[in-house]
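Listing of target_13.cif; format and content: mmCIF, C-alpha atoms.
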data_final
#
loop_
_atom_site.label_atom_id
_atom_site.label_comp_id
_atom_site.auth_asym_id
_atom_site.auth_seq_id
_atom_site.Cartn_x
_atom_site.Cartn_y
_atom_site.Cartn_z
CA MET A 25 0.00 0.00 0.00
CA TYR A 26 2.72 2.49 0.98
CA LYS A 27 4.75 1.76 -2.15
CA ILE A 28 1.72 2.62 -4.29
CA PHE A 29 1.20 5.82 -2.29
CA PHE A 30 4.89 6.66 -2.65
CA SER A 31 4.74 6.23 -6.43
CA LEU A 32 1.51 8.18 -6.85
CA VAL A 33 2.11 10.99 -4.34
CA PHE A 34 5.52 11.34 -2.70
CA LYS A 35 7.51 10.59 -5.85
CA ARG A 36 5.78 13.52 -7.57
CA LEU A 37 6.57 15.96 -4.77
CA ASP A 38 9.83 17.76 -4.17
CA PRO A 39 11.65 15.53 -1.62
CA GLU A 40 11.85 18.25 1.01
CA GLN A 41 8.16 19.12 0.58
CA ALA A 42 7.29 15.42 0.86
CA HIS A 43 9.31 15.20 4.08
CA HIS A 44 7.48 18.14 5.65
CA PHE A 45 4.11 16.79 4.50
CA ALA A 46 4.69 13.32 5.95
CA PHE A 47 6.30 14.58 9.16
CA ARG A 48 3.38 16.96 9.76
CA TRP A 49 0.90 14.08 9.61
CA ILE A 50 3.05 11.94 11.90
CA ARG A 51 3.14 14.73 14.48
CA LEU A 52 -0.60 15.34 14.20
CA ALA A 53 -1.37 11.64 14.68
CA ALA A 54 0.81 11.56 17.80
CA ARG A 55 -1.28 14.34 19.34
CA VAL A 56 -4.56 12.40 19.16
CA PRO A 57 -4.72 10.02 22.18
CA VAL A 58 -6.87 7.22 20.73
CA LEU A 59 -5.23 7.36 17.32
CA ARG A 60 -1.67 7.32 18.63
CA THR A 61 -2.45 4.37 20.92
CA PHE A 62 -3.89 2.42 17.99
CA LEU A 63 -0.96 3.27 15.71
CA ALA A 64 1.64 2.40 18.36
CA ALA A 65 -0.05 -0.97 18.93
CA ALA A 66 0.01 -1.67 15.19
CA LEU A 67 3.41 -0.24 14.30
CA ALA A 68 5.45 -0.67 17.48
CA PRO A 69 4.75 -4.11 18.99
CA ARG A 70 7.42 -5.04 21.51
CA HIS A 71 9.68 -8.08 21.36
CA LYS A 72 11.08 -8.90 24.80
CA GLU A 73 14.08 -10.70 23.32
CA LEU A 74 15.21 -7.47 21.63
CA ARG A 75 15.46 -5.41 24.80
CA THR A 76 18.77 -3.60 24.70
CA GLU A 77 21.03 -1.73 27.08
CA ALA A 78 23.54 0.79 25.79
CA PHE A 79 25.43 3.57 27.62
CA GLY A 80 23.56 2.47 30.75
CA LEU A 81 20.24 3.24 29.02
CA ARG A 82 17.51 0.62 28.63
CA MET A 83 15.64 0.50 25.34
CA HIS A 84 12.81 -1.58 23.91
CA GLY A 85 15.15 -2.68 21.13
CA PRO A 86 18.31 -1.72 19.27
CA PHE A 87 16.79 0.16 16.33
CA GLY A 88 16.57 3.93 16.25
CA LEU A 89 16.00 6.87 13.96
CA ALA A 90 19.20 8.52 12.77
CA ALA A 91 19.77 12.26 13.03
CA GLY A 92 18.49 14.42 10.20
CA PHE A 93 14.81 13.52 10.15
CA ASP A 94 13.73 15.46 13.24
CA LYS A 95 16.20 18.32 13.29
CA ASN A 96 14.38 20.46 15.85
CA ALA A 97 12.92 17.98 18.38
CA VAL A 98 9.36 18.57 17.22
CA GLY A 99 8.24 14.98 16.54
CA ILE A 100 9.93 12.65 19.02
CA ASP A 101 6.67 11.02 20.18
CA GLY A 102 5.54 10.58 16.59
CA MET A 103 8.69 8.66 15.70
CA ALA A 104 8.44 6.55 18.86
CA MET A 105 4.83 5.82 17.87
CA LEU A 106 6.18 4.41 14.59
CA GLY A 107 8.39 1.96 16.48
CA PHE A 108 11.82 3.56 16.73
CA ASP A 109 13.50 2.49 19.97
CA HIS A 110 15.53 5.67 20.20
CA VAL A 111 15.31 8.98 18.35
CA GLU A 112 18.35 11.08 17.58
CA ILE A 113 17.42 14.68 16.92
CA GLY A 114 19.48 17.32 15.13
CA THR A 115 21.96 18.13 13.87
CA VAL A 116 21.65 21.17 16.15
CA THR A 117 24.08 24.09 15.92
CA GLY A 118 25.05 26.85 18.32
CA GLU A 119 23.10 29.43 16.33
CA PRO A 120 19.94 29.08 14.21
CA GLN A 121 20.64 28.76 10.49
CA PRO A 122 18.53 28.26 7.35
CA GLY A 123 20.87 25.78 5.73
CA ASN A 124 21.90 25.73 2.10
CA PRO A 125 19.79 27.11 -0.76
CA LYS A 126 17.04 24.87 -2.14
CA GLN A 127 16.87 22.41 -3.93
CA ARG A 128 19.06 20.55 -1.49
CA LEU A 129 17.51 17.08 -1.16
CA PHE A 130 17.36 14.55 -4.00
CA ARG A 131 15.93 11.04 -4.31
CA LEU A 132 17.84 8.39 -6.21
CA VAL A 133 14.87 6.02 -6.39
CA LYS A 134 16.56 3.38 -8.55
CA ASP A 135 19.34 3.18 -5.98
CA ARG A 136 17.10 3.48 -2.91
CA ALA A 137 19.26 6.40 -1.88
CA LEU A 138 19.22 10.10 -1.08
CA ILE A 139 21.63 12.94 -1.72
CA ASN A 140 21.37 15.85 0.66
CA ARG A 141 23.19 19.11 1.09
CA MET A 142 20.84 20.50 3.71
CA GLY A 143 23.59 22.30 5.60
CA PHE A 144 22.40 21.80 9.19
CA ASN A 145 19.19 23.81 8.81
CA ASN A 146 17.82 24.05 12.36
CA ASP A 147 16.38 26.37 15.02
CA GLY A 148 19.61 26.56 17.01
CA SER A 149 20.53 24.95 20.31
CA LEU A 150 18.83 27.56 22.51
CA ARG A 151 15.37 26.99 21.01
CA VAL A 152 15.83 23.23 20.75
CA ALA A 153 16.90 23.04 24.40
CA ALA A 154 13.81 25.01 25.42
CA ARG A 155 11.63 22.67 23.38
CA LEU A 156 13.17 19.62 25.02
CA ALA A 157 12.82 21.18 28.47
CA SER A 158 9.10 21.80 28.01
CA ARG A 159 8.37 18.39 26.49
CA THR A 160 5.99 15.99 28.23
CA PRO A 161 6.73 12.57 26.74
CA VAL A 162 3.82 10.41 25.60
CA PHE A 163 5.93 7.35 24.75
CA ARG A 164 9.02 6.22 26.61
CA THR A 165 11.95 6.49 24.24
CA VAL A 166 15.62 7.36 24.45
CA VAL A 167 16.45 10.76 22.95
CA GLY A 168 19.89 11.55 21.59
CA VAL A 169 20.96 15.05 20.58
CA ASN A 170 23.36 15.44 17.67
CA ILE A 171 25.35 18.71 17.68
CA GLY A 172 27.39 20.32 14.91
CA LYS A 173 29.22 23.51 14.00
CA THR A 174 27.43 26.68 12.96
CA LYS A 175 28.43 27.39 9.36
CA VAL A 176 29.56 31.00 9.87
CA VAL A 177 31.74 30.10 12.85
CA PRO A 178 35.40 29.84 11.79
CA GLU A 179 37.23 26.59 12.42
CA GLU A 180 39.38 28.12 15.17
CA GLU A 181 36.18 28.92 17.12
CA ALA A 182 34.52 25.56 16.49
CA VAL A 183 35.20 24.17 19.97
CA ALA A 184 33.46 27.10 21.65
CA ASP A 185 30.48 26.69 19.31
CA TYR A 186 30.12 22.98 20.16
CA VAL A 187 30.54 23.73 23.87
CA LYS A 188 27.74 26.30 23.74
CA SER A 189 25.36 23.73 22.26
CA ALA A 190 26.49 21.02 24.66
CA GLU A 191 25.85 23.20 27.70
CA ARG A 192 22.36 24.03 26.46
CA VAL A 193 21.11 20.60 25.39
CA ALA A 194 23.01 18.16 27.64
CA PRO A 195 20.51 18.46 30.54
CA TYR A 196 17.75 17.12 28.26
CA ALA A 197 19.73 14.55 26.26
CA ASP A 198 19.87 10.86 27.08
CA TYR A 199 23.06 10.89 25.03
CA LEU A 200 25.03 13.50 23.11
CA VAL A 201 26.64 13.12 19.67
CA VAL A 202 29.44 15.28 18.26
CA ASN A 203 28.94 15.40 14.49
CA VAL A 204 32.21 16.11 12.67
CA SER A 205 31.38 14.15 9.54
CA SER A 206 28.73 15.96 7.50
CA PRO A 207 30.09 16.96 4.08
CA ASN A 208 27.76 19.96 3.88
CA THR A 209 29.46 22.37 6.28
CA PRO A 210 32.79 23.68 4.94
CA GLY A 211 35.75 22.49 6.98
CA LEU A 212 33.69 20.29 9.30
CA ARG A 213 35.30 17.01 8.29
CA ASP A 214 38.73 18.45 9.08
CA LEU A 215 37.70 18.12 12.73
CA GLN A 216 37.88 14.32 12.39
CA ALA A 217 41.69 14.53 12.48
CA THR A 218 42.74 13.40 15.95
CA GLU A 219 44.76 16.56 16.66
CA ALA A 220 41.54 18.57 16.23
CA LEU A 221 39.14 15.96 17.56
CA ARG A 222 40.89 15.39 20.90
CA PRO A 223 40.46 18.95 22.26
CA LEU A 224 36.95 19.16 20.81
CA LEU A 225 35.70 15.98 22.48
CA SER A 226 37.48 16.83 25.73
CA ALA A 227 35.84 20.26 25.81
CA VAL A 228 32.38 18.88 25.05
CA ARG A 229 32.82 16.23 27.75
CA GLU A 230 33.75 18.91 30.27
CA ALA A 231 30.83 21.10 29.19
CA ALA A 232 28.32 18.25 29.52
CA ASP A 233 29.66 17.35 32.95
CA GLY A 234 29.43 20.97 34.04
CA ALA A 235 25.87 21.33 32.77
CA VAL A 236 24.60 18.07 34.31
CA SER A 237 25.87 17.10 37.77
CA ALA A 238 23.28 14.47 38.68
CA ARG A 239 24.29 11.99 35.97
CA ARG A 240 26.91 11.39 33.31
CA VAL A 241 25.57 12.18 29.84
CA PRO A 242 26.98 9.59 27.39
CA LEU A 243 29.11 11.17 24.65
CA LEU A 244 29.51 9.77 21.14
CA VAL A 245 31.19 10.90 17.93
CA LYS A 246 29.82 10.35 14.41
CA ILE A 247 32.35 9.66 11.65
CA ALA A 248 32.33 9.54 7.86
CA PRO A 249 32.62 6.41 5.70
CA ASP A 250 35.23 8.24 3.60
CA LEU A 251 37.94 8.13 6.26
CA ALA A 252 41.04 6.13 5.38
CA ASP A 253 41.52 2.95 7.39
CA GLU A 254 44.39 4.42 9.38
CA ASP A 255 42.23 7.39 10.32
CA ILE A 256 39.44 5.07 11.47
CA ASP A 257 41.99 3.33 13.69
CA ALA A 258 43.14 6.69 15.04
CA VAL A 259 39.58 7.71 15.95
CA ALA A 260 39.01 4.31 17.59
CA ASP A 261 42.18 4.68 19.67
CA LEU A 262 41.21 8.23 20.64
CA ALA A 263 37.76 7.07 21.75
CA VAL A 264 39.35 4.52 24.06
CA GLU A 265 41.90 7.04 25.34
CA LEU A 266 39.22 9.62 26.18
CA GLY A 267 36.75 7.13 27.60
CA LEU A 268 34.22 8.01 24.94
CA ASP A 269 30.91 6.17 25.27
CA GLY A 270 30.32 5.44 21.62
CA ILE A 271 31.07 5.88 17.92
CA ILE A 272 28.40 6.16 15.23
CA ALA A 273 29.47 4.62 11.93
CA THR A 274 28.73 6.13 9.53
CA ASN A 275 27.50 9.43 8.14
CA THR A 276 26.84 10.05 4.44
CA THR A 277 29.51 9.67 1.76
CA ILE A 278 30.84 12.08 -0.83
CA ALA A 279 31.87 9.12 -3.00
CA ARG A 280 30.05 8.34 -6.24
CA GLU A 281 32.47 6.15 -8.17
CA GLY A 282 32.48 2.41 -7.59
CA LEU A 283 29.02 2.34 -6.02
CA GLY A 284 27.20 1.05 -9.10
CA LEU A 285 24.67 3.88 -9.07
CA LYS A 286 21.79 3.41 -11.52
CA SER A 287 20.05 6.78 -11.28
CA ASP A 288 20.25 9.51 -13.91
CA ALA A 289 23.70 11.06 -14.20
CA SER A 290 22.29 14.52 -13.50
CA LEU A 291 21.13 13.33 -10.07
CA VAL A 292 24.28 11.39 -9.29
CA LYS A 293 26.37 14.49 -9.98
CA GLU A 294 24.54 16.56 -7.36
CA THR A 295 26.87 17.62 -4.56
CA GLY A 296 26.17 16.57 -1.00
CA GLY A 297 26.14 13.46 1.12
CA LEU A 298 24.90 10.21 -0.37
CA SER A 299 22.95 7.92 1.97
CA GLY A 300 20.96 4.73 1.64
CA ALA A 301 21.68 1.38 0.04
CA PRO A 302 24.90 2.40 -1.82
CA VAL A 303 26.62 3.21 1.49
CA LYS A 304 25.78 -0.19 2.98
CA GLU A 305 29.00 -2.10 2.31
CA ARG A 306 31.43 0.65 3.27
CA SER A 307 29.54 1.44 6.48
CA LEU A 308 29.67 -2.22 7.40
CA GLU A 309 33.42 -2.35 6.68
CA VAL A 310 34.03 0.66 8.92
CA LEU A 311 31.95 -0.91 11.68
CA ARG A 312 33.90 -4.18 11.52
CA ARG A 313 37.19 -2.33 11.64
CA LEU A 314 36.11 -0.28 14.63
CA TYR A 315 34.94 -3.33 16.58
CA ALA A 316 38.16 -5.19 15.83
CA ARG A 317 39.99 -2.20 17.30
CA VAL A 318 37.87 -1.30 20.34
CA GLY A 319 35.97 -4.50 21.15
CA ASP A 320 33.54 -3.95 24.00
CA ARG A 321 35.36 -0.90 25.37
CA VAL A 322 33.33 1.53 23.21
CA THR A 323 29.69 1.07 22.19
CA LEU A 324 29.20 1.16 18.42
CA VAL A 325 26.14 2.36 16.51
CA GLY A 326 25.72 1.07 12.96
CA VAL A 327 24.00 3.28 10.39
CA GLY A 328 24.13 3.57 6.62
CA GLY A 329 22.09 1.49 4.20
CA VAL A 330 20.07 -0.34 6.86
CA GLU A 331 17.04 -1.35 4.79
CA ASN A 332 15.75 -4.44 6.55
CA ALA A 333 16.22 -6.94 9.37
CA GLU A 334 19.08 -8.72 7.61
CA ASP A 335 21.01 -5.46 7.33
CA ALA A 336 20.41 -4.76 11.02
CA TRP A 337 21.47 -8.30 11.96
CA GLN A 338 24.69 -7.95 9.96
CA ARG A 339 25.45 -4.70 11.78
CA ILE A 340 25.00 -6.41 15.14
CA LEU A 341 27.22 -9.33 14.18
CA ALA A 342 29.81 -6.78 13.02
CA GLY A 343 29.87 -5.08 16.42
CA ALA A 344 26.94 -2.67 16.66
CA THR A 345 24.97 -2.61 19.90
CA LEU A 346 22.55 -0.12 18.34
CA VAL A 347 21.45 0.29 14.73
CA GLN A 348 19.89 3.33 13.06
CA GLY A 349 18.01 4.03 9.85
CA TYR A 350 16.73 7.02 7.93
CA SER A 351 16.87 6.81 4.12
CA ALA A 352 15.13 3.43 3.95
CA PHE A 353 12.28 4.87 6.03
CA ILE A 354 11.51 7.16 3.08
CA TYR A 355 11.14 4.16 0.79
CA GLU A 356 9.64 1.62 3.22
CA GLY A 357 7.15 3.86 5.02
CA PRO A 358 5.45 3.49 8.41
CA PHE A 359 5.90 -0.29 8.69
CA TYR A 360 9.69 0.01 8.38
CA ALA A 361 10.51 -0.37 12.09
CA ARG A 362 7.83 -3.02 12.68
CA ALA A 363 9.14 -5.24 9.88
CA LEU A 364 12.73 -4.79 10.98
CA HIS A 365 11.97 -5.70 14.60
CA LYS A 366 9.98 -8.76 13.58
CA GLY A 367 12.73 -10.01 11.30
CA LEU A 368 15.44 -9.30 13.84
CA ALA A 369 13.61 -11.23 16.55
CA ALA A 370 13.21 -14.18 14.15
CA ARG A 371 16.93 -14.16 13.35
CA LEU A 372 17.88 -14.10 17.02
CA ARG A 373 15.58 -17.05 17.78
CA THR A 374 17.19 -19.21 15.09
CA SER A 375 20.74 -18.11 15.94
CA PRO A 376 23.17 -19.75 18.38
CA TYR A 377 23.01 -16.66 20.62
CA ALA A 378 20.90 -16.52 23.76
CA THR A 379 20.61 -12.74 23.72
CA LEU A 380 21.13 -9.89 21.30
CA ALA A 381 24.10 -8.75 23.39
CA ASP A 382 25.76 -12.15 22.82
CA ALA A 383 25.53 -11.60 19.06
CA VAL A 384 27.25 -8.19 19.11
CA GLY A 385 30.57 -8.53 17.26
CA ALA A 386 30.29 -12.31 16.91
CA ASP A 387 31.43 -12.37 13.27
CA VAL A 388 34.46 -10.21 14.02
CA ARG A 389 35.47 -12.34 17.01
CA LYS A 390 35.35 -15.45 14.84
CA THR A 391 37.98 -14.05 12.50
CA ALA A 392 40.18 -12.50 15.18
#

Please re-express this file's structure in structure tokens.
Amino acid sequence: MYKIFFSLVFKRLDPEQAHHFAFRWIRLAARVPVLRTFLAAALAPRHKELRTEAFGLRMHGPFGLAAGFDKNAVGIDGMAMLGFDHVEIGTVTGEPQPGNPKQRLFRLVKDRALINRMGFNNDGSLRVAARLASRTPVFRTVVGVNIGKTKVVPEEEAVADYVKSAERVAPYADYLVVNVSSPNTPGLRDLQATEALRPLLSAVREAADGAVSARRVPLLVKIAPDLADEDIDAVADLAVELGLDGIIATNTTIAREGLGLKSDASLVKETGGLSGAPVKERSLEVLRRLYARVGDRVTLVGVGGVENAEDAWQRILAGATLVQGYSAFIYEGPFYARALHKGLAARLRTSPYATLADAVGADVRKTA
């Protein structure tokens, strides 16, 4: 049914307009008590065997919504209603910004992919923090906050910009993510180099600790799939050195060659980050490499081309405790999380592992 609707309606709309249209209806549905209860029962049935603990947080399962869909923390309950076990909002910047000029979002339907050059369009950390502070949750879900650099802030002032956001949002975040891997903010990816990343992460850790004294807010970093292997190793070692709670692998890619893209050349040539099915293999490679390096010392989150339960299962076997999706949600629709949970539970039952935690990194350990 959804695929017919996608072909007849969404496919004919500008991708960004379609996003706003769909997200508006999700938020409206979540505000109607009887309707949201019915939809949650249909779309978010719980599987006890998938219960997951990460960063000391308990979740209904391992599958969450990646950052980028709900940039401003306006639809958390709606996404929980659709079955996502955690919702990562943002990317949020120190100052509000409109993002890059439109058109800035493109569908590569034949490739089940997206290209975006949104440019961190968001309301800014002050307004997002206020929104989170005034929120009365309807559904219990873990909320992560992904923070990035304001575009107009020069690189030498980036740390202060991240610290400002961290101080504002940390009190309302179940976990915090430092995004240094979007290709759509000039100079941002340079912050992935360990000599720049070390002081940045240390400063954000200190800011979060200063803003929240009653608990330790878990801190993660999100990296790009385009990093060289030696740079992935360096980030992994830095995460262990700093006692980082997690690494999210991976963000979108700037690569186009070697991915076997089938869409029209005019679309493929659009600048921005490519997400979805074409990123699948590289994201999985990065995840395996990270787990081989850090083992259980750092929690890993697998994202990039997660279309179905098999993709999620492969991420877990490669070392991911948590898995996230976004692009496939556009193509699969409201039953995306339900189908993935059902398939994941079935795979666990027929596997040699007693729990999902036992399966984390199993394939990597076999080859070690």

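Residues in contact with A:Leu52 at up to 12 Å, not including ones fewer than 5 positions away on its chain and judged by all atoms listed in the file, are Phe45, Ala46, Phe47, Pro57, Leu59, Arg60, Val98, Gly99, Ile100, Asp101, Gly102, Met103 and Met105 of chain A.
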
Write the residues you've just listed into a file as a short mmCIF file (atom, residue, chain, number, x, y, z; two decimals), in the coordinates of the input, and include C-alpha atoms for each of them.
data_model
loop_
_atom_site.label_atom_id
_atom_site.label_comp_id
_atom_site.auth_asym_id
_atom_site.auth_seq_id
_atom_site.Cartn_x
_atom_site.Cartn_y
_atom_site.Cartn_z
CA PHE A 45 4.11 16.79 4.50
CA ALA A 46 4.69 13.32 5.95
CA PHE A 47 6.30 14.58 9.16
CA PRO A 57 -4.72 10.02 22.18
CA LEU A 59 -5.23 7.36 17.32
CA ARG A 60 -1.67 7.32 18.63
CA VAL A 98 9.36 18.57 17.22
CA GLY A 99 8.24 14.98 16.54
CA ILE A 100 9.93 12.65 19.02
CA ASP A 101 6.67 11.02 20.18
CA GLY A 102 5.54 10.58 16.59
CA MET A 103 8.69 8.66 15.70
CA MET A 105 4.83 5.82 17.87
#

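Atom CA of A:Leu364 lies 18.4 Å from atom CA of A:Glu77.
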
Could you name the residues that touch stretch 344-353 of chain A at 8 Å or less, counting only C-alpha atoms, but leaving out those on the same chain fewer than 3 positions away, as a ChimeraX atom specification? /A:76,78,86-93,136-138,299-301,311,323-331,336,339-341,356-358,360,381,384-385

Nearest to A:Leu368, chosen from A:Asp382, A:Glu181, A:Glu219, A:Asp335, with only C-alpha atoms counted in the distances: A:Asp335

When you look at A:Arg371 with a cut-off of 12 Å (counting only C-alpha atoms), what residues show up, excluding the ones that are within fewer than 5 positions of it in the same chain? I need them as a list in words. Glu73, Leu74, Asn332, Ala333, Glu334, Asp335, Ala336, Trp337, Gln338, Ile340, Leu341, Leu364, His365, Lys366, Pro376, Tyr377, Ala378, Thr379, Leu380 and Ala383 of chain A

Residues returned when the PyMOL selection byres ((chain A and resi 141-145) around 12) runs on this file, as JSON, numbers by chain: {"A": [39, 40, 91, 92, 93, 94, 95, 96, 113, 114, 115, 116, 117, 118, 119, 120, 121, 122, 123, 124, 125, 126, 127, 128, 129, 130, 138, 139, 140, 146, 147, 148, 149, 170, 171, 172, 173, 174, 175, 176, 203, 204, 205, 206, 207, 208, 209, 210, 212, 276, 277, 278, 294, 295, 296, 297, 298, 299]}

Atomic distance atom CA of A:Leu132 - atom CA of A:Gly367, expressed in Å with one decimal: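 So the answer is 25.9 Å.
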
Evaluate the PyMOL selection byres ((chain A and resi 159-169) around 7) and record the selected residues as a list of chain:residue names, following the chain and residue labels used in the document.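 This file, filtered by the PyMOL selection byres ((chain A and resi 159-169) around 7), leaves A:Met83, A:Asp101, A:Ala104, A:Asp109, A:His110, A:Val111, A:Glu112, A:Ile113, A:Gly114, A:Arg155, A:Leu156, A:Ala157, A:Ser158, A:Asn170, A:Ile171, A:Ala197, A:Asp198, A:Tyr199, A:Leu200, A:Val201.
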
How big is the axis-aligned box around all listed atoms of stretch 42-58 of chain A once 3 Å goes on each side, and where's its centre, in Å to one decimal, as AutoDock Vina command-line options?
--center_x 1.2 --center_y 12.7 --center_z 11.5 --size_x 22.2 --size_y 16.9 --size_z 27.3

Give as a PyMOL selection string every residue, naming chains and numbers as the document does, that has an atom within 9 Å of (30.8, 1.9, 23.9), counting all atoms listed in the file. chain A and resi 78-79+244+263-264+267-271+318-325+345

Under the rule that all atoms listed in the file are counted, which of A:Ala369, A:Ala386, A:Ile50, A:Leu291 is the nearest residue to A:Arg70? A:Ala369

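Proximity ranking of A:Val202, A:Val187, A:Leu285, A:Leu262 relative to A:Lys246 places A:Val202 first, based on all atoms listed in the file.
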
Distance criterion (only C-alpha atoms): nearest to A:Ser31 out of A:Asp261, A:Val133, A:Val228, A:Thr374: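 The answer is A:Val133, which sits nearest to A:Ser31.
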